[in-house]
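Student: Structure file data.cif (mmCIF, C-alpha atoms and all ligand atoms) right here:
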data_work
#
loop_
_atom_site.label_atom_id
_atom_site.label_comp_id
_atom_site.auth_asym_id
_atom_site.auth_seq_id
_atom_site.Cartn_x
_atom_site.Cartn_y
_atom_site.Cartn_z
CA MET A 1 -18.79 -25.10 -36.08
CA CYS A 2 -19.38 -21.42 -36.50
CA ARG A 3 -21.30 -20.96 -39.74
CA ARG A 4 -19.57 -17.65 -40.39
CA CYS A 5 -15.89 -18.20 -39.55
CA ARG A 6 -15.90 -22.05 -39.58
CA ALA A 7 -14.05 -22.35 -36.28
CA VAL A 8 -14.91 -25.66 -34.62
CA GLN A 9 -15.53 -24.95 -30.98
CA LEU A 10 -16.90 -26.24 -27.70
CA THR A 11 -20.41 -25.26 -26.71
CA ASP A 12 -19.64 -25.19 -22.97
CA GLU A 13 -17.21 -22.67 -21.59
CA VAL A 14 -15.41 -23.48 -18.34
CA PRO A 15 -14.59 -20.34 -16.30
CA ARG A 16 -10.95 -19.58 -17.05
CA GLU A 17 -9.97 -19.30 -13.36
CA LYS A 18 -11.01 -22.94 -12.88
CA MET A 19 -8.54 -24.09 -15.52
CA PHE A 20 -5.62 -21.66 -15.38
CA HIS A 21 -4.39 -20.87 -11.89
CA ASP A 22 -1.34 -21.10 -9.68
CA GLU A 23 -1.52 -24.89 -9.42
CA TYR A 24 -1.45 -25.43 -13.18
CA PRO A 25 0.32 -28.77 -13.64
CA PHE A 26 1.32 -28.92 -17.33
CA ARG A 27 4.92 -27.97 -18.05
CA THR A 28 6.21 -27.44 -21.56
CA SER A 29 9.52 -28.91 -20.41
CA SER A 30 7.85 -32.27 -19.56
CA SER A 31 8.86 -33.39 -23.06
CA ALA A 32 12.50 -33.20 -24.12
CA TRP A 33 11.36 -33.11 -27.75
CA MET A 34 9.07 -30.18 -27.14
CA SER A 35 11.90 -28.33 -25.41
CA SER A 36 14.06 -28.74 -28.49
CA HIS A 37 11.09 -27.80 -30.72
CA PHE A 38 10.73 -24.50 -28.85
CA ALA A 39 14.45 -23.79 -29.01
CA LYS A 40 14.13 -24.08 -32.82
CA VAL A 41 10.98 -21.91 -32.85
CA ALA A 42 12.81 -19.24 -30.87
CA ALA A 43 15.78 -19.33 -33.27
CA GLN A 44 13.37 -18.95 -36.22
CA LEU A 45 11.63 -16.01 -34.56
CA VAL A 46 14.97 -14.35 -33.82
CA ASP A 47 15.72 -14.54 -37.57
CA THR A 48 12.54 -12.59 -38.38
CA LEU A 49 13.35 -9.69 -36.05
CA ARG A 50 14.12 -6.46 -37.89
CA SER A 51 14.46 -3.65 -35.37
CA PRO A 52 17.79 -2.95 -33.60
CA ASP A 53 16.27 -3.44 -30.13
CA PRO A 54 13.31 -5.80 -30.64
CA PHE A 55 10.74 -6.68 -28.01
CA VAL A 56 9.03 -10.10 -28.03
CA VAL A 57 6.03 -11.18 -25.95
CA GLU A 58 4.75 -14.68 -25.34
CA ILE A 59 1.13 -15.19 -24.29
CA GLY A 60 0.89 -18.38 -22.21
CA CYS A 61 4.64 -18.61 -21.65
CA ASN A 62 4.26 -21.56 -19.24
CA ASP A 63 7.63 -22.39 -17.62
CA GLY A 64 9.61 -20.14 -19.96
CA THR A 65 10.95 -22.96 -22.18
CA MET A 66 10.55 -20.92 -25.39
CA LEU A 67 11.57 -17.51 -24.05
CA GLU A 68 14.73 -18.91 -22.48
CA THR A 69 16.49 -18.57 -25.85
CA PHE A 70 15.61 -14.86 -25.95
CA ALA A 71 16.81 -14.40 -22.37
CA GLU A 72 20.11 -16.14 -23.21
CA ARG A 73 20.61 -13.88 -26.24
CA GLY A 74 19.82 -10.75 -24.27
CA ILE A 75 16.77 -9.93 -26.42
CA ARG A 76 14.05 -7.90 -24.69
CA HIS A 77 11.13 -10.19 -23.94
CA LEU A 78 8.17 -10.71 -21.63
CA GLY A 79 6.07 -13.77 -20.89
CA ILE A 80 2.57 -13.62 -19.49
CA ASP A 81 0.71 -16.57 -18.03
CA PRO A 82 -2.08 -17.01 -15.46
CA ALA A 83 -0.17 -19.91 -13.85
CA ALA A 84 1.84 -18.03 -11.21
CA ASN A 85 3.60 -21.28 -10.22
CA LEU A 86 5.03 -21.60 -13.74
CA VAL A 87 5.81 -17.90 -14.06
CA ALA A 88 8.05 -18.41 -11.00
CA GLU A 89 9.77 -21.31 -12.78
CA ALA A 90 10.24 -19.15 -15.88
CA GLY A 91 11.85 -16.52 -13.64
CA ALA A 92 14.25 -19.14 -12.29
CA ARG A 93 15.36 -19.77 -15.91
CA GLY A 94 16.21 -16.10 -16.29
CA VAL A 95 13.04 -15.32 -18.25
CA LEU A 96 11.14 -12.10 -17.56
CA ALA A 97 7.51 -13.08 -17.00
CA ARG A 98 4.43 -11.78 -15.22
CA PRO A 99 1.39 -13.65 -13.92
CA GLY A 100 -2.01 -12.85 -15.37
CA PHE A 101 -4.35 -13.18 -18.32
CA PHE A 102 -3.62 -11.27 -21.51
CA GLU A 103 -6.26 -8.56 -21.84
CA PRO A 104 -6.48 -5.13 -23.54
CA ALA A 105 -5.59 -3.32 -20.28
CA THR A 106 -2.58 -5.59 -19.67
CA ALA A 107 -1.46 -5.13 -23.26
CA ALA A 108 -1.61 -1.33 -22.91
CA GLU A 109 0.33 -1.54 -19.66
CA ILE A 110 3.02 -3.70 -21.28
CA ARG A 111 3.34 -1.29 -24.20
CA ALA A 112 3.62 1.69 -21.85
CA GLU A 113 6.41 -0.05 -19.96
CA HIS A 114 8.35 -1.77 -22.78
CA GLY A 115 7.24 -0.12 -26.00
CA PRO A 116 5.61 -1.85 -29.00
CA ALA A 117 6.15 -5.56 -29.57
CA GLU A 118 7.64 -6.77 -32.83
CA VAL A 119 6.47 -10.35 -32.32
CA VAL A 120 3.77 -11.76 -30.08
CA TYR A 121 3.97 -15.54 -29.91
CA ALA A 122 1.57 -18.11 -28.45
CA ALA A 123 1.87 -21.91 -28.57
CA ASN A 124 -1.10 -24.04 -27.58
CA THR A 125 -2.69 -20.99 -26.03
CA MET A 126 -4.90 -19.16 -28.56
CA CYS A 127 -7.13 -22.23 -28.91
CA HIS A 128 -7.66 -22.09 -25.14
CA ILE A 129 -9.17 -18.58 -25.23
CA PRO A 130 -12.89 -18.20 -26.07
CA TYR A 131 -12.86 -14.37 -25.96
CA LEU A 132 -10.66 -13.76 -29.03
CA ASP A 133 -12.09 -10.26 -29.53
CA GLU A 134 -10.28 -9.15 -26.37
CA ILE A 135 -7.08 -10.83 -27.50
CA PHE A 136 -7.16 -8.94 -30.81
CA ALA A 137 -7.92 -5.68 -29.01
CA GLY A 138 -4.85 -6.39 -26.85
CA LEU A 139 -2.75 -7.16 -29.93
CA ASP A 140 -3.88 -3.95 -31.53
CA ALA A 141 -2.66 -2.08 -28.45
CA LEU A 142 0.63 -3.93 -28.13
CA LEU A 143 1.95 -4.70 -31.62
CA GLY A 144 4.02 -2.18 -33.52
CA ASP A 145 2.72 -1.19 -36.97
CA ASP A 146 4.54 -4.06 -38.66
CA GLY A 147 4.40 -6.37 -35.66
CA ILE A 148 3.14 -9.91 -36.06
CA LEU A 149 1.30 -12.51 -34.03
CA VAL A 150 2.66 -16.04 -34.53
CA PHE A 151 0.71 -18.88 -32.98
CA GLU A 152 0.50 -22.65 -33.25
CA ASP A 153 -2.38 -24.89 -32.26
CA PRO A 154 -3.76 -28.37 -33.04
CA TYR A 155 -5.11 -28.43 -36.60
CA LEU A 156 -8.69 -29.42 -37.43
CA GLY A 157 -7.49 -31.16 -40.62
CA ASP A 158 -5.13 -33.42 -38.65
CA VAL A 159 -7.77 -34.18 -36.04
CA LEU A 160 -10.15 -35.34 -38.79
CA ARG A 161 -7.40 -37.24 -40.64
CA LEU A 162 -6.12 -39.07 -37.55
CA GLY A 163 -9.39 -39.24 -35.66
CA SER A 164 -7.59 -37.66 -32.69
CA TYR A 165 -10.80 -36.87 -30.85
CA ASP A 166 -8.86 -36.46 -27.61
CA GLN A 167 -7.78 -33.02 -28.83
CA LEU A 168 -11.28 -31.96 -27.79
CA TYR A 169 -11.34 -31.16 -24.08
CA ASP A 170 -12.24 -28.28 -21.79
CA GLU A 171 -9.03 -26.31 -22.32
CA HIS A 172 -9.14 -26.66 -26.10
CA PHE A 173 -12.02 -24.31 -26.81
CA TYR A 174 -11.27 -23.96 -30.53
CA LEU A 175 -10.02 -26.27 -33.24
CA PHE A 176 -8.66 -23.85 -35.82
CA SER A 177 -7.97 -24.12 -39.53
CA ALA A 178 -6.41 -21.71 -42.03
CA THR A 179 -9.91 -20.81 -43.22
CA SER A 180 -11.23 -19.96 -39.74
CA VAL A 181 -8.12 -18.06 -38.63
CA ALA A 182 -8.17 -15.98 -41.82
CA CYS A 183 -11.79 -15.03 -41.13
CA ILE A 184 -11.24 -14.31 -37.42
CA ALA A 185 -8.17 -12.15 -38.16
CA GLU A 186 -10.00 -10.32 -40.92
CA SER A 187 -12.93 -9.41 -38.69
CA HIS A 188 -10.50 -7.79 -36.22
CA GLY A 189 -8.60 -5.62 -38.70
CA PHE A 190 -5.79 -8.14 -39.13
CA ALA A 191 -4.92 -10.63 -41.85
CA LEU A 192 -3.52 -14.13 -42.00
CA ILE A 193 -0.19 -13.70 -43.78
CA ASP A 194 1.45 -17.11 -43.49
CA VAL A 195 0.61 -20.71 -42.62
CA GLU A 196 2.99 -23.55 -41.91
CA HIS A 197 2.29 -27.14 -40.93
CA ILE A 198 4.26 -28.52 -37.99
CA GLY A 199 4.46 -32.09 -36.78
CA VAL A 200 4.23 -31.61 -33.00
CA HIS A 201 1.28 -32.61 -30.79
CA GLY A 202 -0.25 -34.76 -33.52
CA GLY A 203 -0.20 -32.04 -36.19
CA GLU A 204 -0.56 -28.32 -35.80
CA LEU A 205 -0.69 -25.24 -37.98
CA ARG A 206 1.47 -22.24 -37.23
CA TYR A 207 -0.29 -19.05 -38.23
CA THR A 208 1.30 -15.65 -38.77
CA VAL A 209 -1.06 -12.72 -38.50
CA GLY A 210 -0.29 -9.07 -39.19
CA ARG A 211 -2.16 -5.80 -39.48
CA ARG A 212 -4.25 -5.72 -42.64
CA ASP A 213 -2.52 -3.82 -45.48
CA ARG A 214 0.90 -3.81 -43.76
CA ARG A 215 2.16 -7.18 -45.03
CA ARG A 216 1.44 -9.22 -48.12
CA PRO A 217 0.24 -12.82 -47.50
CA THR A 218 2.51 -15.61 -48.74
CA PRO A 219 1.09 -18.00 -51.37
CA ALA A 220 0.76 -20.59 -48.58
CA VAL A 221 -2.35 -18.83 -47.24
CA ASP A 222 -4.46 -19.28 -50.38
CA ARG A 223 -3.03 -22.75 -50.89
CA TRP A 224 -4.12 -23.89 -47.42
CA ILE A 225 -7.57 -22.31 -47.68
CA ALA A 226 -8.16 -23.88 -51.10
CA GLY A 227 -6.87 -27.23 -49.81
CA GLU A 228 -9.28 -27.15 -46.88
CA ALA A 229 -12.20 -26.46 -49.24
CA SER A 230 -11.25 -29.32 -51.57
CA GLU A 231 -10.71 -31.74 -48.67
CA GLY A 232 -14.05 -30.83 -47.11
CA VAL A 233 -12.46 -30.00 -43.75
CA HIS A 234 -15.47 -27.85 -42.83
CA ASP A 235 -18.20 -30.00 -44.34
CA LEU A 236 -20.84 -30.98 -41.83
CA ALA A 237 -21.10 -34.42 -43.44
CA ARG A 238 -17.35 -34.92 -42.92
CA LEU A 239 -17.66 -33.94 -39.26
CA ALA A 240 -20.62 -36.30 -38.82
CA SER A 241 -18.66 -39.21 -40.29
CA PHE A 242 -15.78 -38.36 -37.95
CA ALA A 243 -18.19 -38.70 -35.01
CA ALA A 244 -19.45 -42.06 -36.26
CA GLU A 245 -15.91 -43.36 -36.77
CA ILE A 246 -14.94 -42.30 -33.24
CA GLY A 247 -17.94 -44.11 -31.77
CA GLU A 248 -16.73 -47.36 -33.36
CA ARG A 249 -13.23 -46.77 -32.14
CA ARG A 250 -14.49 -46.34 -28.59
CA ASP A 251 -15.93 -49.87 -28.69
CA ARG A 252 -12.70 -51.29 -30.10
CA LEU A 253 -10.60 -49.64 -27.40
CA ARG A 254 -12.80 -51.00 -24.63
CA ARG A 255 -12.61 -54.47 -26.17
CA ALA A 256 -8.80 -54.27 -26.44
CA LEU A 257 -8.55 -53.46 -22.72
CA GLN A 258 -11.00 -56.22 -21.81
CA ASP A 259 -9.04 -58.73 -23.93
CA GLU A 260 -5.75 -57.86 -22.22
CA ARG A 261 -7.33 -58.31 -18.83
CA ALA A 262 -9.03 -61.55 -19.84
CA ALA A 263 -5.63 -62.86 -20.97
CA GLY A 264 -4.28 -62.09 -17.50
CA ARG A 265 -2.03 -59.23 -18.61
CA SER A 266 -1.58 -56.25 -16.31
CA ILE A 267 -2.27 -52.81 -17.84
CA ALA A 268 -1.34 -49.24 -16.95
CA GLY A 269 -1.81 -45.91 -18.68
CA TYR A 270 1.24 -44.09 -20.01
CA ALA A 271 0.95 -40.37 -19.05
CA ALA A 272 -2.07 -38.66 -17.49
CA THR A 273 -2.36 -36.20 -20.34
CA ALA A 274 -5.09 -33.59 -20.55
CA LYS A 275 -6.23 -35.46 -23.64
CA SER A 276 -6.71 -38.66 -21.64
CA ALA A 277 -9.65 -37.09 -19.76
CA THR A 278 -11.67 -37.16 -22.98
CA VAL A 279 -10.73 -40.74 -23.81
CA LEU A 280 -11.43 -42.08 -20.33
CA ASN A 281 -14.77 -40.35 -19.92
CA TYR A 282 -15.97 -40.84 -23.49
CA CYS A 283 -15.01 -44.53 -23.55
CA GLY A 284 -16.22 -45.18 -20.00
CA ILE A 285 -12.82 -46.44 -18.82
CA GLY A 286 -12.43 -46.53 -15.04
CA PRO A 287 -10.14 -48.29 -12.54
CA ASP A 288 -11.80 -51.65 -13.33
CA LEU A 289 -10.33 -51.59 -16.85
CA LEU A 290 -7.26 -49.46 -16.15
CA PRO A 291 -6.10 -49.59 -12.52
CA VAL A 292 -3.36 -46.95 -12.72
CA ILE A 293 -1.79 -44.27 -14.93
CA TYR A 294 1.88 -43.34 -14.56
CA ASP A 295 2.98 -39.75 -15.09
CA THR A 296 6.16 -37.77 -14.50
CA THR A 297 4.39 -34.63 -13.20
CA PRO A 298 4.71 -34.39 -9.39
CA GLU A 299 1.47 -32.35 -9.08
CA LYS A 300 -0.56 -35.07 -10.83
CA GLN A 301 0.86 -37.95 -8.79
CA GLY A 302 -1.31 -39.08 -5.86
CA ARG A 303 -4.44 -37.66 -7.52
CA LEU A 304 -7.30 -39.23 -9.46
CA THR A 305 -8.14 -38.67 -13.11
CA PRO A 306 -11.15 -36.32 -13.44
CA GLY A 307 -14.47 -38.10 -13.85
CA SER A 308 -12.96 -41.56 -14.25
CA GLY A 309 -11.23 -41.81 -10.85
CA ILE A 310 -8.07 -43.65 -11.91
CA PRO A 311 -5.07 -43.17 -9.56
CA VAL A 312 -2.08 -41.32 -11.07
CA GLU A 313 1.30 -42.48 -9.79
CA PRO A 314 4.96 -41.94 -10.56
CA PHE A 315 6.52 -44.42 -12.97
CA PRO A 316 7.91 -47.53 -11.27
CA THR A 317 11.64 -47.13 -10.72
CA GLY A 318 12.72 -50.21 -12.66
CA PRO A 319 11.15 -52.10 -15.57
CA ASP A 320 10.34 -54.93 -13.12
CA GLY A 321 7.53 -52.76 -11.76
CA TYR A 322 6.18 -52.13 -15.26
CA PRO A 323 2.89 -53.68 -16.43
CA ASP A 324 2.62 -56.18 -19.29
CA THR A 325 0.80 -53.60 -21.43
CA PHE A 326 0.72 -49.82 -21.59
CA LEU A 327 -2.17 -47.78 -22.94
CA LEU A 328 -0.36 -44.87 -24.59
CA PHE A 329 -2.10 -41.60 -23.80
CA ALA A 330 0.86 -39.41 -24.83
CA TRP A 331 0.71 -40.78 -28.40
CA ASN A 332 1.86 -37.39 -29.69
CA HIS A 333 5.21 -38.05 -27.99
CA ALA A 334 5.44 -41.65 -29.24
CA GLU A 335 8.89 -41.28 -30.81
CA GLU A 336 10.40 -39.79 -27.67
CA ILE A 337 8.71 -42.41 -25.47
CA MET A 338 9.64 -45.41 -27.66
CA ALA A 339 13.25 -44.28 -27.56
CA LYS A 340 13.30 -44.32 -23.75
CA GLU A 341 11.17 -47.44 -23.25
CA GLN A 342 13.20 -49.85 -25.37
CA GLU A 343 13.80 -52.18 -22.44
CA PHE A 344 10.05 -52.52 -21.81
CA VAL A 345 9.56 -53.56 -25.43
CA ALA A 346 12.60 -55.88 -25.40
CA ARG A 347 11.05 -57.69 -22.42
CA GLY A 348 7.88 -58.34 -24.41
CA GLY A 349 5.92 -55.28 -23.23
CA ARG A 350 2.92 -54.37 -25.37
CA TRP A 351 1.37 -51.03 -26.32
CA ILE A 352 -2.26 -50.21 -26.92
CA ARG A 353 -2.78 -47.15 -29.09
CA TYR A 354 -5.98 -45.48 -30.18
CA VAL A 355 -4.69 -42.89 -32.68
CA PRO A 356 -4.90 -43.20 -35.66
CA ASP A 357 -6.68 -46.47 -34.81
CA VAL A 358 -6.87 -49.03 -32.03
CA LEU A 359 -3.70 -51.10 -32.31
CA VAL A 360 -2.33 -53.65 -29.85
CA GLY A 361 1.18 -55.03 -29.95
P1 LIG B 1 1.07 -33.83 -23.52
C1 LIG B 1 -1.25 -30.21 -22.37
O1 LIG B 1 -1.97 -31.31 -22.91
C2 LIG B 1 -2.23 -29.18 -21.90
P2 LIG B 1 -1.51 -32.80 -22.64
C3 LIG B 1 -2.45 -28.04 -22.81
N1 LIG B 1 -3.84 -27.68 -22.76
C4 LIG B 1 -2.08 -28.28 -24.23
O2 LIG B 1 -2.60 -27.66 -25.11
C5 LIG B 1 -0.98 -29.21 -24.53
O3 LIG B 1 -0.38 -29.71 -23.36
C6 LIG B 1 0.09 -28.61 -25.35
C7 LIG B 1 3.38 -36.67 -19.17
N2 LIG B 1 4.52 -37.36 -19.77
O4 LIG B 1 2.32 -33.08 -23.79
C8 LIG B 1 3.71 -35.34 -18.53
C9 LIG B 1 5.05 -38.46 -19.12
O5 LIG B 1 4.58 -38.88 -18.04
O6 LIG B 1 0.64 -34.82 -24.53
C10 LIG B 1 2.41 -34.56 -18.64
O7 LIG B 1 1.54 -34.87 -17.55
N3 LIG B 1 6.12 -39.10 -19.71
C11 LIG B 1 -1.63 -26.87 -22.37
O8 LIG B 1 -1.42 -33.05 -21.17
C12 LIG B 1 1.76 -35.14 -19.89
O9 LIG B 1 2.44 -36.37 -20.19
C13 LIG B 1 6.67 -38.69 -20.90
O10 LIG B 1 7.63 -39.32 -21.39
O11 LIG B 1 -2.44 -33.68 -23.41
C14 LIG B 1 1.90 -34.15 -21.06
O12 LIG B 1 1.21 -34.66 -22.15
C15 LIG B 1 6.08 -37.55 -21.56
C16 LIG B 1 6.65 -37.08 -22.88
C17 LIG B 1 5.01 -36.92 -20.97
O13 LIG B 1 -0.04 -32.75 -23.28
#
For this file, write the structure as structure tokens.

Tutor:
Amino acid sequence: MCRRCRAVQLTDEVPREKMFHDEYPFRTSSSAWMSSHFAKVAAQLVDTLRSPDPFVVEIGCNDGTMLETFAERGIRHLGIDPAANLVAEAGARGVLARPGFFEPATAAEIRAEHGPAEVVYAANTMCHIPYLDEIFAGLDALLGDDGILVFEDPYLGDVLRLGSYDQLYDEHFYLFSATSVACIAESHGFALIDVEHIGVHGGELRYTVGRRDRRRPTPAVDRWIAGEASEGVHDLARLASFAAEIGERRDRLRRALQDERAAGRSIAGYAATAKSATVLNYCGIGPDLLPVIYDTTPEKQGRLTPGSGIPVEPFPTGPDGYPDTFLLFAWNHAEEIMAKEQEFVARGGRWIRYVPDVLVG
């Protein structure tokens, strides 16, 4: 945790080209719920637009799921994402997008071509970017005087509350809080002007940032910062007890898998999420404990999970091919998944979860 701004962050930085490239497999549209979430986000953003011919930019636009609403409404927009494969998919949805990383030079180029942006939006992207100083320099170049940056990312407070340690992985460089974002914005000539809690991906905060002195912060900002202080979200002792709690949970998860196997029940993983890499490697789970993980993403199928070497395969076509027990890696999509896997449960299928605790049944 940075002693100055309180951002919790990784100590190792993976070169960005190794993570974000034209074979990037994660698609926003892989969850129907997330697609509807982003349609609502877009509608909310449209409501905030003030100028007669607004221009909206999304950093990390992925497959264009969010910007599609803007394209449909004929609102000027541009997505930017280093995953050229997904930029092509965004284009196929009618979304204007360009491949690349968002940098000050790109931002200046975009402004020269399209004019100032009224809103820059980023979902599950800002926390992936270690070099925030360049992002703010880019925002300074691109945003109009009253323009805003709106971004949402997993929330430190929820990670501590739920013990969702799998939110820590190579792509998630930062775990933000209202306190840390206020400080980071401040040190770049901006200010945090609104904070909202949202329920997706296991709990996130949506931050609105504007140029300092142009917009007055809502009361939510002080409320969140005061709440974080009183809950000890940035206390080193609290973080240390989180680590201890997670260590115990690792042992319980391993035991739960061993018990299922000892009872002769077959097990498979549900969804080869990015988060699962942390769980598998941290808990020492390999093909001996978990022989396969099913996932809907074609690019992940036929590959092995990083470090742990578990084969990733498409879901069996009928419930007859299903295992007796699923280890739920996409726990953040539990509601969506439970709704579509009712037959598995009706046939006596069991779930193992590890957030907010190890639960079998
Ligand atoms: P999901 C990714 O993390 C990566 P992941 C990234 N770094 C990030 O921040 C978040 O998204 C937002 C599969 N799946 O959404 C498809 C099924 O198989 O928890 C995907 O491989 N069946 C950008 O990967 C994976 O799960 C299903 O029914 O942790 C996506 O997992 C569903 C709903 C998903 O994000």

Student: I'd like to know which of A:Ser230, A:Asp146, A:Ser35, A:Glu299 is closest to A:Asp213, using all atoms listed in the file.

Tutor: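 Answer, going by the shortest atom-to-atom distance: A:Asp146.
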
Student: Between chain A and ligand LIG 1 (chain B), at 9 Å or less, what are the per-residue closest atom pairs and their distances in Å? Count all atoms listed in the file, order by chain and rising residue number, and return it as JSON lines.

Tutor:
{"residue": "A:Pro25", "atom": "CA", "partner": "B:LIG1", "partner_atom": "O7", "distance": 7.3}
{"residue": "A:Phe26", "atom": "CA", "partner": "B:LIG1", "partner_atom": "C2", "distance": 5.8}
{"residue": "A:Arg27", "atom": "CA", "partner": "B:LIG1", "partner_atom": "C10", "distance": 7.1}
{"residue": "A:Thr28", "atom": "CA", "partner": "B:LIG1", "partner_atom": "O3", "distance": 7.2}
{"residue": "A:Ser29", "atom": "CA", "partner": "B:LIG1", "partner_atom": "C8", "distance": 8.9}
{"residue": "A:Ser30", "atom": "CA", "partner": "B:LIG1", "partner_atom": "C8", "distance": 5.3}
{"residue": "A:Ser31", "atom": "CA", "partner": "B:LIG1", "partner_atom": "C16", "distance": 4.3}
{"residue": "A:Ala32", "atom": "CA", "partner": "B:LIG1", "partner_atom": "C16", "distance": 7.1}
{"residue": "A:Trp33", "atom": "CA", "partner": "B:LIG1", "partner_atom": "C16", "distance": 7.9}
{"residue": "A:Met34", "atom": "CA", "partner": "B:LIG1", "partner_atom": "O4", "distance": 8.1}
{"residue": "A:Gly60", "atom": "CA", "partner": "B:LIG1", "partner_atom": "C11", "distance": 8.9}
{"residue": "A:Asn62", "atom": "CA", "partner": "B:LIG1", "partner_atom": "C11", "distance": 8.5}
{"residue": "A:Ala123", "atom": "CA", "partner": "B:LIG1", "partner_atom": "C6", "distance": 7.6}
{"residue": "A:Asn124", "atom": "CA", "partner": "B:LIG1", "partner_atom": "O2", "distance": 4.6}
{"residue": "A:Thr125", "atom": "CA", "partner": "B:LIG1", "partner_atom": "O2", "distance": 6.7}
{"residue": "A:Cys127", "atom": "CA", "partner": "B:LIG1", "partner_atom": "O2", "distance": 8.0}
{"residue": "A:His128", "atom": "CA", "partner": "B:LIG1", "partner_atom": "N1", "distance": 7.2}
{"residue": "A:Asp153", "atom": "CA", "partner": "B:LIG1", "partner_atom": "O2", "distance": 7.7}
{"residue": "A:Pro154", "atom": "CA", "partner": "B:LIG1", "partner_atom": "O2", "distance": 8.0}
{"residue": "A:Asp166", "atom": "CA", "partner": "B:LIG1", "partner_atom": "O11", "distance": 8.2}
{"residue": "A:Gln167", "atom": "CA", "partner": "B:LIG1", "partner_atom": "O11", "distance": 7.6}
{"residue": "A:Tyr169", "atom": "CA", "partner": "B:LIG1", "partner_atom": "N1", "distance": 8.4}
{"residue": "A:Asp170", "atom": "CA", "partner": "B:LIG1", "partner_atom": "N1", "distance": 8.5}
{"residue": "A:Glu171", "atom": "CA", "partner": "B:LIG1", "partner_atom": "N1", "distance": 5.4}
{"residue": "A:His172", "atom": "CA", "partner": "B:LIG1", "partner_atom": "N1", "distance": 6.3}
{"residue": "A:His201", "atom": "CA", "partner": "B:LIG1", "partner_atom": "O6", "distance": 6.7}
{"residue": "A:Tyr270", "atom": "CA", "partner": "B:LIG1", "partner_atom": "O5", "distance": 6.5}
{"residue": "A:Ala271", "atom": "CA", "partner": "B:LIG1", "partner_atom": "O5", "distance": 4.1}
{"residue": "A:Ala272", "atom": "CA", "partner": "B:LIG1", "partner_atom": "O7", "distance": 5.2}
{"residue": "A:Thr273", "atom": "CA", "partner": "B:LIG1", "partner_atom": "O8", "distance": 3.4}
{"residue": "A:Ala274", "atom": "CA", "partner": "B:LIG1", "partner_atom": "O8", "distance": 3.8}
{"residue": "A:Lys275", "atom": "CA", "partner": "B:LIG1", "partner_atom": "O11", "distance": 4.2}
{"residue": "A:Ser276", "atom": "CA", "partner": "B:LIG1", "partner_atom": "O11", "distance": 6.8}
{"residue": "A:Ala277", "atom": "CA", "partner": "B:LIG1", "partner_atom": "O11", "distance": 8.8}
{"residue": "A:Ile293", "atom": "CA", "partner": "B:LIG1", "partner_atom": "O5", "distance": 8.9}
{"residue": "A:Tyr294", "atom": "CA", "partner": "B:LIG1", "partner_atom": "O5", "distance": 6.3}
{"residue": "A:Asp295", "atom": "CA", "partner": "B:LIG1", "partner_atom": "O5", "distance": 3.5}
{"residue": "A:Thr296", "atom": "CA", "partner": "B:LIG1", "partner_atom": "O5", "distance": 4.0}
{"residue": "A:Thr297", "atom": "CA", "partner": "B:LIG1", "partner_atom": "O7", "distance": 5.2}
{"residue": "A:Pro298", "atom": "CA", "partner": "B:LIG1", "partner_atom": "O7", "distance": 8.8}
{"residue": "A:Glu299", "atom": "CA", "partner": "B:LIG1", "partner_atom": "O7", "distance": 8.8}
{"residue": "A:Lys300", "atom": "CA", "partner": "B:LIG1", "partner_atom": "O7", "distance": 7.0}
{"residue": "A:Pro314", "atom": "CA", "partner": "B:LIG1", "partner_atom": "O5", "distance": 8.1}
{"residue": "A:Phe315", "atom": "CA", "partner": "B:LIG1", "partner_atom": "O5", "distance": 7.8}
{"residue": "A:Phe329", "atom": "CA", "partner": "B:LIG1", "partner_atom": "O6", "distance": 7.3}
{"residue": "A:Ala330", "atom": "CA", "partner": "B:LIG1", "partner_atom": "O6", "distance": 4.6}
{"residue": "A:Trp331", "atom": "CA", "partner": "B:LIG1", "partner_atom": "O6", "distance": 7.1}
{"residue": "A:Asn332", "atom": "CA", "partner": "B:LIG1", "partner_atom": "O6", "distance": 5.9}
{"residue": "A:His333", "atom": "CA", "partner": "B:LIG1", "partner_atom": "C16", "distance": 5.4}
{"residue": "A:Ala334", "atom": "CA", "partner": "B:LIG1", "partner_atom": "C16", "distance": 7.9}
{"residue": "A:Glu336", "atom": "CA", "partner": "B:LIG1", "partner_atom": "C16", "distance": 6.7}
{"residue": "A:Ile337", "atom": "CA", "partner": "B:LIG1", "partner_atom": "O10", "distance": 5.2}
{"residue": "A:Met338", "atom": "CA", "partner": "B:LIG1", "partner_atom": "O10", "distance": 9.0}
{"residue": "A:Lys340", "atom": "CA", "partner": "B:LIG1", "partner_atom": "O10", "distance": 7.9}

Student: I'd like to know which of A:Arg93, A:Arg212, A:Arg353, A:Arg223 is closest to A:Ala256, using all atoms listed in the file.

Tutor: A:Arg353

Student: Any idea what's packed within 12 Å of A:Arg76, counting all atoms listed in the file, ignoring anything in its chain fewer than 3 positions away? Could you give it as a VMD selection string?

Tutor: chain A and resid 46 49 51 to 58 67 to 73 79 94 to 97 113 to 119

Student: Of the candidates A:Gly307, A:Val41, A:Gly147, A:Gly286, which one gets nearest to A:Gln258 if we count only C-alpha atoms?

Tutor: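 Comparing A:Gly307, A:Val41, A:Gly147, A:Gly286 against A:Gln258, the winner is A:Gly286.
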
Student: Closest to A:Ile110 among A:Ala122, A:Leu86, A:Ala141, A:Ile267, using all atoms listed in the file?

Tutor: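 Of A:Ala122, A:Leu86, A:Ala141, A:Ile267, the one nearest A:Ile110, counting all atoms listed in the file, is A:Ala141.
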
Student: What lies within 12 Å of A:Trp351 using all atoms listed in the file, ignoring chain neighbours under 4 positions off, as a PyMOL selection string?

Tutor: chain A and resi 256-257+260+265-270+323-331+334+337-338+341-342+344-345+355+358-361
